[in-house]
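I have placed the structure first, in the form of structure tokens, so that the comments after it can refer back to it.
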Amino acid sequence: MRVSAGGGAWIGMLPFSVYVLVFLGLPIYEVIRGALSTTSGAFTFENFKTIFSGSQYWIPLENSVILSAWTAVVGAIFGTWLAAAVVASPAGSMLRRMVSSGSGVLAYFAGVPLAFAFIAALGRAPGGVVTTLLKHIGFDLYAHGFSITSLLGVGLAYTYFQVPMMVILITPALEGLRPQWQEAAESLGASRLEYLRHIAIPVMAPAFIGSLLILFGNAFSAYATALALVGASIPLIPAAINEAINGNVLVNQAGIAQALGVEMILIAAIVLTFYWLVQRRARRWLQ
């Protein structure tokens with residue numbers, strides 16, 4: 001039996017579609033259903049009223065958004081800077097090979113191992129390797145108000161995997177900048193700064209913004225690193241979900257946890273929608 005090209009494509013997509021349905025679609029459905037149900041299974045909006053009515057659940061959302069936003073911006077800036085240096089280097093240079101392979105590893109070096117590395121380097125109190133060395137040369141990091149158990153400390157750990165993730169995301173877009181554009185601009189009398197301002201930056205803006213959104217979502221959904229570093233001492237949305245599921249504060253809070261999960265799904269959906277829109281614009285320039 002002959003299968004058309006279109007039919008063959010759909011048949012090829014079928015296993016992946018089933019996989020997505022089972023391991024993404026069904027869990028999302030269960031989270032939404034649980035968020036809209038009481039413990040007896042009756043329909044209710046009480047779980048959403050609870051999470052939107054008091055500071056107990058607003059503070060974790062605020063902290064998660066702030067943490068995700070500034071680590072995304074810092075990671076995007078330094079990641080783009082590093083990626084630009086890599087793209088400007090010769091194709092087979094040591095810098096390109098080291099950064100490319102290192103970014104592929106470090107972008108996914110998170111969770112408990114990363115938390116342990118930061119605790120060993122900076123310490124939960126004065127006594128980490130780096131903080132001790134700095135103290136010996138006359139700079140006491142903790143005396144200046146730093147603490148690894150603060151939002152800044154968690155953010156530094158997040159930045160560790162945000163920068164290499166940005167390198168991976170932005171490098172193809174930087175490589176898509178055609179040398180002919182710069183040559184044409186210079187032949188018309190444009191300086192390097194004018195080329196960057198009027199050509200390179202506008203062309204790269206959609207890809208940069210799209211990568212920034214991915215970094216925001218990456219930080220917003222991170223869980224194990226913050227939990228291992230600070231536990232529940234800094235309220236974040238993933239930690240609040242963990243507290244509600246495990247009943248560490250109140251029992252029978254599964255519906256609250258699932259409502260918080262729906263909140264995260266909605267934010268992720270918004271981020272992905274904006275990412276899709278800016279990627280459409282980026283493809284127009286880099287085709």
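Going by the structure tokens order, chains are called A, B, ..., each with residues numbered from 1, while ligands are numbered from 1 in the order shown.
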With only C-alpha atoms as the counted atoms, please give the residues lying no more than 8 Å from A:Thr171, apart from itself and same-chain residues fewer than 3 positions off, as a tab-separated table (two decimals) with C-alpha atoms, in the first residue's frame.
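selection03.tsv, freshly written:
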```
chain	number	residue	atom	x	y	z
A	80	THR	CA	25.61	36.75	24.56
A	83	ALA	CA	28.83	33.58	22.49
A	84	ALA	CA	29.94	36.62	20.45
A	87	VAL	CA	31.57	33.17	17.03
A	167	VAL	CA	25.42	30.50	24.81
A	168	ILE	CA	23.63	27.46	23.36
A	174	LEU	CA	24.92	35.09	15.93
A	175	GLU	CA	26.25	32.72	13.29
```
Exercise. Quick one: residues within 7 Å of stretch 208-219 of chain A, only C-alpha atoms counted, chain neighbours fewer than 2 positions away excluded, as a VMD selection string?
Worked result: chain A and resid 68 to 69 72 to 73 76 158 162 166 169 to 170 204 to 206 221 to 222 268 271 275 278 to 279
Write out the residues from the selection above, keeping C-alpha atoms, as a compact mmCIF listing (two decimals), in the first residue's frame.
```
# COMPACT_ATOMS: atom_id res chain seq x y z
CA SER A 68 13.75 34.41 37.27
CA ALA A 69 13.78 37.88 35.73
CA ALA A 72 17.55 35.68 32.95
CA VAL A 73 18.82 39.21 32.22
CA ALA A 76 21.44 36.70 28.69
CA TYR A 158 20.98 29.98 38.90
CA GLN A 162 21.80 30.42 32.80
CA MET A 166 22.24 31.42 26.70
CA LEU A 169 20.51 29.45 22.46
CA ILE A 170 22.07 32.57 20.94
CA MET A 204 19.43 40.00 16.69
CA ALA A 205 16.76 41.54 18.95
CA PRO A 206 14.04 38.90 18.33
CA SER A 221 10.68 26.08 36.87
CA ALA A 222 13.96 25.26 38.66
CA ALA A 268 4.91 29.03 31.15
CA VAL A 271 6.31 32.80 28.07
CA TYR A 275 8.75 33.13 22.48
CA VAL A 278 9.50 36.67 18.53
CA GLN A 279 10.90 33.53 16.87
```
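Closest approach to A:Val230 from the set A:Ala244, A:Thr273, A:Gly155, A:Phe48 is made by A:Gly155, with distances taken over only C-alpha atoms.
Our summary of the geometry notes that atom CA of A:Val99 is positioned 7.3 Å from atom CA of A:Val86.
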Exercise. Looking at A:Tyr142, A:Tyr57, A:Tyr160, A:Tyr108, which one is nearest to A:Glu243, with distances taken over only C-alpha atoms?
Worked result: A:Tyr57
